[in-house]
Amino acid sequence: LSNMLKTLRDGHVNLTAPFNRSRYWDWYLNAPDNYDQYLLERHYFKDEQQYIGSFTVMDFGDVGYIHYESFSDAVDEDALDIILEQFKDHKGLIFDVRNNFGGSLSNVYTLGARFAKNGNAVALQKQKNGRGHNDFTDYDSLRFTPTESISFTKPIVVLTNRKTYSAGTFFSTLMQALPHVTVMGDRTGGGGGAPAFTELTNGWTLRVSTTQLFTLNEFNVEDGLFPDIKVDNLDTDIAENRDRILETALEHLR
């Protein structure tokens with residue numbers, strides 16, 4: 001049964017029994033890491049980073065940096081106020097979702113509300129509505145609702161790698177549609193479909209995807225969102241304690 005489900009090539013598809021859980025992880029296993037937390041801490045942050053709510057924050061002088069580890073971690077509005085007030089006079093902002101495997105979509109919209117200038121459509125979605133292979137609803141438009149709280153609408157770079165998955169891909173896709181946002185790094189891991197659960201008659205649990213996520217030009221991001229600017233951290237970069245993706249983002253914003 002596990003091998004049968006793998007034909008879907010979907011990291012959101014799992015069959016869970018008391019003795020094992022089927023999984024499909026090939027969406028990232030053969031890709032470069034493109035993120036090293038310890039390298040960042042030793043050679044870029046140097047103990048100057050802040051931990052504010054669920055975010056790791058670094059002030060690079062003229063550019064702000066935020067790393068969000070998981071969309072499962074609560075987004076605190078007061079924490080966002082502190083961070084965005086700190087960076088309000090900076091040239092730009094780096095929002096790093098590398099190695100973010102996803103979580104709650106509500107956090108995607110909470111964050112996006114701080115970066116959107118208007119309520120224009122930023123992505124498209126279809127819902128599964130039948131047994132047939134192509135039984136889906138028509139496109140629905142997805143939108144951010146701009147907040148009345150502190151926002152940041154200067155240039156933003158979103159950093160991604162293959163471990164940017166599920167809600168991470170969702171966030172990157174919606175953000176890419178904003179005119180002041182550039183997605184940089186590697187293609188995301190995909191997983192744009194929202195999962196749902198059902199229990200089989202023997203008590204095992206099955207999780208499957210029930211939606212499809214598309215860019216505004218109708219590109220399905222299930223296999224990953226392509227960045228605006230492709231950058232990889234090469235082996236030579238790692239040997240030199242260099243995060244090429246981060247440095248390229250800093251250069252871009254400056």
# chains A, B, ... in the order shown; residues from 1 in each chain; ligands from 1
>>> residues_around(residues="Asn217 (chain A)", least_positions_apart="3", cutoff="10 Å", atoms="only C-alpha atoms", output="list in words")
Ala123, Leu124, Phe214 and Asn220 of chain A
>>> residues_around(residues="region 11-25 of chain A", least_positions_apart="5", cutoff="8 Å", atoms="only C-alpha atoms", output="ChimeraX atom specification")
/A:2,5-6,191,193,195,203-209
>>> residues_around(residues="region 175-183 of chain A", least_positions_apart="2", cutoff="8 Å", atoms="only C-alpha atoms", output="MDAnalysis selection string")
chainID A and resid 112 116 122:123 153:160 171:173 185 215:216 227:229
>>> write_last_selection(atoms="all heavy atoms", output="short mmCIF file (atom, residue, chain, number, x, y, z; two decimals), in the first residue's frame")
data_model
loop_
_atom_site.label_atom_id
_atom_site.label_comp_id
_atom_site.auth_asym_id
_atom_site.auth_seq_id
_atom_site.Cartn_x
_atom_site.Cartn_y
_atom_site.Cartn_z
N GLY A 112 1.28 37.66 5.51
CA GLY A 112 1.08 38.35 4.24
C GLY A 112 0.35 39.66 4.39
O GLY A 112 0.60 40.62 3.63
N ALA A 116 1.37 43.19 2.20
CA ALA A 116 0.55 43.51 1.03
C ALA A 116 0.14 44.97 1.03
O ALA A 116 -0.23 45.53 2.06
CB ALA A 116 -0.68 42.61 1.00
N VAL A 122 -3.48 37.09 -5.37
CA VAL A 122 -2.07 36.73 -5.36
C VAL A 122 -1.83 35.26 -5.74
O VAL A 122 -0.69 34.84 -5.92
CB VAL A 122 -1.43 37.02 -3.98
CG1 VAL A 122 -1.27 38.52 -3.77
CG2 VAL A 122 -2.24 36.41 -2.85
N ALA A 123 -2.88 34.47 -5.87
CA ALA A 123 -2.74 33.08 -6.28
C ALA A 123 -4.12 32.53 -6.61
O ALA A 123 -5.15 33.19 -6.37
CB ALA A 123 -2.08 32.24 -5.18
N THR A 153 6.20 47.46 3.20
CA THR A 153 5.93 47.32 1.78
C THR A 153 7.09 47.84 0.91
O THR A 153 6.92 48.12 -0.27
CB THR A 153 4.64 48.05 1.40
OG1 THR A 153 4.71 49.42 1.82
CG2 THR A 153 3.43 47.38 2.06
N LYS A 154 8.25 47.98 1.53
CA LYS A 154 9.48 48.24 0.77
C LYS A 154 9.93 46.92 0.15
O LYS A 154 9.32 45.87 0.37
CB LYS A 154 10.55 48.80 1.70
CG LYS A 154 10.25 50.19 2.24
CD LYS A 154 11.39 50.66 3.14
CE LYS A 154 11.13 52.05 3.69
NZ LYS A 154 12.25 52.52 4.54
N PRO A 155 11.04 46.91 -0.63
CA PRO A 155 11.49 45.67 -1.25
C PRO A 155 11.75 44.55 -0.24
O PRO A 155 12.33 44.76 0.82
CB PRO A 155 12.79 46.09 -1.95
CG PRO A 155 12.57 47.54 -2.28
CD PRO A 155 11.80 48.08 -1.10
N ILE A 156 11.28 43.36 -0.59
CA ILE A 156 11.41 42.17 0.25
C ILE A 156 11.97 41.04 -0.59
O ILE A 156 11.58 40.86 -1.75
CB ILE A 156 10.04 41.75 0.83
CG1 ILE A 156 9.44 42.85 1.71
CG2 ILE A 156 10.16 40.44 1.62
CD1 ILE A 156 8.00 42.59 2.11
N VAL A 157 12.88 40.26 -0.02
CA VAL A 157 13.37 39.04 -0.64
C VAL A 157 12.97 37.86 0.23
O VAL A 157 13.27 37.85 1.43
CB VAL A 157 14.90 39.06 -0.84
CG1 VAL A 157 15.38 37.71 -1.36
CG2 VAL A 157 15.30 40.17 -1.82
N VAL A 158 12.29 36.89 -0.35
CA VAL A 158 11.93 35.66 0.33
C VAL A 158 12.93 34.58 -0.07
O VAL A 158 13.10 34.31 -1.27
CB VAL A 158 10.50 35.22 -0.02
CG1 VAL A 158 10.17 33.87 0.61
CG2 VAL A 158 9.48 36.26 0.43
N LEU A 159 13.61 33.99 0.92
CA LEU A 159 14.61 32.96 0.65
C LEU A 159 13.99 31.58 0.76
O LEU A 159 13.31 31.27 1.75
CB LEU A 159 15.78 33.08 1.63
CG LEU A 159 16.53 34.41 1.66
CD1 LEU A 159 17.75 34.31 2.57
CD2 LEU A 159 16.94 34.85 0.27
N THR A 160 14.23 30.72 -0.24
CA THR A 160 13.64 29.39 -0.28
C THR A 160 14.68 28.33 -0.62
O THR A 160 15.70 28.62 -1.25
CB THR A 160 12.52 29.32 -1.34
OG1 THR A 160 13.06 29.64 -2.64
CG2 THR A 160 11.40 30.30 -1.02
N PHE A 171 3.14 30.20 1.19
CA PHE A 171 3.56 31.56 1.50
C PHE A 171 4.41 32.15 0.37
O PHE A 171 4.18 33.29 -0.07
CB PHE A 171 4.35 31.56 2.80
CG PHE A 171 4.95 32.89 3.18
CD1 PHE A 171 4.18 33.89 3.73
CD2 PHE A 171 6.31 33.11 3.01
CE1 PHE A 171 4.74 35.12 4.08
CE2 PHE A 171 6.88 34.33 3.37
CZ PHE A 171 6.09 35.32 3.90
N SER A 172 5.38 31.39 -0.10
CA SER A 172 6.28 31.87 -1.15
C SER A 172 5.52 32.17 -2.44
O SER A 172 5.81 33.16 -3.12
CB SER A 172 7.37 30.82 -1.42
OG SER A 172 8.08 30.51 -0.25
N THR A 173 4.54 31.34 -2.77
CA THR A 173 3.74 31.54 -3.98
C THR A 173 2.93 32.82 -3.90
O THR A 173 2.90 33.62 -4.83
CB THR A 173 2.81 30.34 -4.21
OG1 THR A 173 3.59 29.14 -4.33
CG2 THR A 173 1.98 30.51 -5.47
N GLY A 185 16.70 31.82 -4.27
CA GLY A 185 17.25 30.58 -3.73
C GLY A 185 16.96 29.43 -4.65
O GLY A 185 17.11 29.53 -5.88
N THR A 215 -0.04 29.61 -9.39
CA THR A 215 0.33 31.01 -9.51
C THR A 215 -0.75 31.72 -10.33
O THR A 215 -1.63 31.07 -10.91
CB THR A 215 1.69 31.18 -10.20
OG1 THR A 215 1.60 30.65 -11.53
CG2 THR A 215 2.78 30.43 -9.43
N LEU A 216 -0.68 33.04 -10.41
CA LEU A 216 -1.67 33.79 -11.17
C LEU A 216 -1.66 33.46 -12.66
O LEU A 216 -2.67 33.65 -13.34
CB LEU A 216 -1.46 35.29 -10.96
CG LEU A 216 -1.80 35.83 -9.57
CD1 LEU A 216 -1.45 37.31 -9.48
CD2 LEU A 216 -3.27 35.60 -9.22
N PRO A 227 12.03 30.04 -8.13
CA PRO A 227 12.37 31.38 -7.63
C PRO A 227 12.51 32.37 -8.78
O PRO A 227 12.73 31.99 -9.94
CB PRO A 227 13.71 31.16 -6.93
CG PRO A 227 14.32 30.01 -7.67
CD PRO A 227 13.17 29.11 -8.05
N ASP A 228 12.41 33.65 -8.46
CA ASP A 228 12.70 34.69 -9.45
C ASP A 228 14.19 34.71 -9.78
O ASP A 228 14.58 34.96 -10.92
CB ASP A 228 12.27 36.06 -8.91
CG ASP A 228 10.78 36.14 -8.65
OD1 ASP A 228 10.00 35.93 -9.59
OD2 ASP A 228 10.39 36.39 -7.49
N ILE A 229 15.00 34.49 -8.76
CA ILE A 229 16.46 34.47 -8.93
C ILE A 229 16.97 33.17 -8.33
O ILE A 229 16.86 32.95 -7.13
CB ILE A 229 17.13 35.68 -8.26
CG1 ILE A 229 16.59 36.98 -8.86
CG2 ILE A 229 18.65 35.61 -8.41
CD1 ILE A 229 17.13 38.24 -8.19
#
>>> residues_around(residues="Leu225 (chain A)", least_positions_apart="2", cutoff="6 Å", atoms="only C-alpha atoms", output="list in words")
Arg187, Thr188 and Val221 of chain A
>>> write_last_selection(atoms="N, CA and C atoms", output="PDB file, in the first residue's frame")
ATOM      1  N   ARG A 187      14.277  26.138  -5.949  1.00  0.00           N
ATOM      2  CA  ARG A 187      12.858  25.803  -6.064  1.00  0.00           C
ATOM      3  C   ARG A 187      12.364  25.235  -4.745  1.00  0.00           C
ATOM      4  N   THR A 188      11.156  25.575  -4.368  1.00  0.00           N
ATOM      5  CA  THR A 188      10.611  25.044  -3.129  1.00  0.00           C
ATOM      6  C   THR A 188      10.291  23.557  -3.281  1.00  0.00           C
ATOM      7  N   VAL A 221       1.960  24.590  -8.478  1.00  0.00           N
ATOM      8  CA  VAL A 221       3.204  24.565  -7.705  1.00  0.00           C
ATOM      9  C   VAL A 221       3.358  23.285  -6.881  1.00  0.00           C
TER      10      VAL A 221
END
>>> residues_around(residues="Val97 (chain A)", least_positions_apart="4", cutoff="7 Å", atoms="only C-alpha atoms", output="list in words")
His67, Tyr68, Glu69, Leu159, Thr160, Thr164 and Gly168 of chain A
>>> write_last_selection(atoms="N, CA, C and O atoms", output="compact mmCIF listing (two decimals), in the first residue's frame")
# COMPACT_ATOMS: atom_id res chain seq x y z
N HIS A 67 14.09 35.01 10.08
CA HIS A 67 13.95 33.58 9.74
C HIS A 67 12.78 33.02 10.53
O HIS A 67 12.67 33.21 11.74
N TYR A 68 11.89 32.35 9.80
CA TYR A 68 10.70 31.73 10.40
C TYR A 68 10.85 30.22 10.22
O TYR A 68 10.83 29.72 9.10
N GLU A 69 11.01 29.51 11.32
CA GLU A 69 11.37 28.10 11.26
C GLU A 69 10.22 27.20 10.85
O GLU A 69 10.42 26.22 10.13
N LEU A 159 13.61 33.99 0.92
CA LEU A 159 14.61 32.96 0.65
C LEU A 159 13.99 31.58 0.76
O LEU A 159 13.31 31.27 1.75
N THR A 160 14.23 30.72 -0.24
CA THR A 160 13.64 29.39 -0.28
C THR A 160 14.68 28.33 -0.62
O THR A 160 15.70 28.62 -1.25
N THR A 164 11.60 24.08 1.77
CA THR A 164 10.48 25.02 1.94
C THR A 164 9.26 24.32 1.38
O THR A 164 9.10 24.20 0.17
N GLY A 168 5.05 26.58 3.55
CA GLY A 168 6.20 27.34 3.09
C GLY A 168 6.10 27.66 1.61
O GLY A 168 6.39 28.78 1.17
>>> closest_residue(among="A:Leu234, A:Met58, A:Leu246, A:Leu111", to="Leu80 (chain A)", atoms="only C-alpha atoms")
A:Leu111
>>> atom_distance(atom1="CA of Leu105 (chain A)", atom2="CA of Ala167 (chain A)")
5.9 Å
>>> select_by_dssp(residues="region 40-244 of chain A", states="alpha helix (DSSP H)", output="JSON, numbers by chain")
{"A": [40, 77, 78, 79, 80, 81, 82, 83, 84, 85, 86, 105, 106, 107, 108, 109, 110, 111, 112, 113, 114, 115, 167, 168, 169, 170, 171, 172, 173, 174, 175, 176, 235, 236, 237, 238, 239, 244]}
>>> atom_distance(atom1="CA of Thr248 (chain A)", atom2="CA of Val57 (chain A)")
18.1 Å
>>> decode(residues="region 86-97 of chain A", atoms="C-alpha atoms", output="PDB file, in the first residue's frame")
ATOM      1  CA  GLN A  86      12.689  48.194  14.089  1.00  0.00           C
ATOM      2  CA  PHE A  87      13.125  47.847  10.309  1.00  0.00           C
ATOM      3  CA  LYS A  88      10.795  50.619   9.117  1.00  0.00           C
ATOM      4  CA  ASP A  89      13.641  52.854   7.876  1.00  0.00           C
ATOM      5  CA  HIS A  90      15.696  50.039   6.301  1.00  0.00           C
ATOM      6  CA  LYS A  91      16.181  49.627   2.554  1.00  0.00           C
ATOM      7  CA  GLY A  92      14.606  46.222   2.508  1.00  0.00           C
ATOM      8  CA  LEU A  93      13.745  43.024   4.327  1.00  0.00           C
ATOM      9  CA  ILE A  94      14.857  39.408   3.926  1.00  0.00           C
ATOM     10  CA  PHE A  95      12.240  36.858   4.984  1.00  0.00           C
ATOM     11  CA  ASP A  96      13.915  33.445   5.192  1.00  0.00           C
ATOM     12  CA  VAL A  97      11.689  30.356   4.973  1.00  0.00           C
TER      13      VAL A  97
END
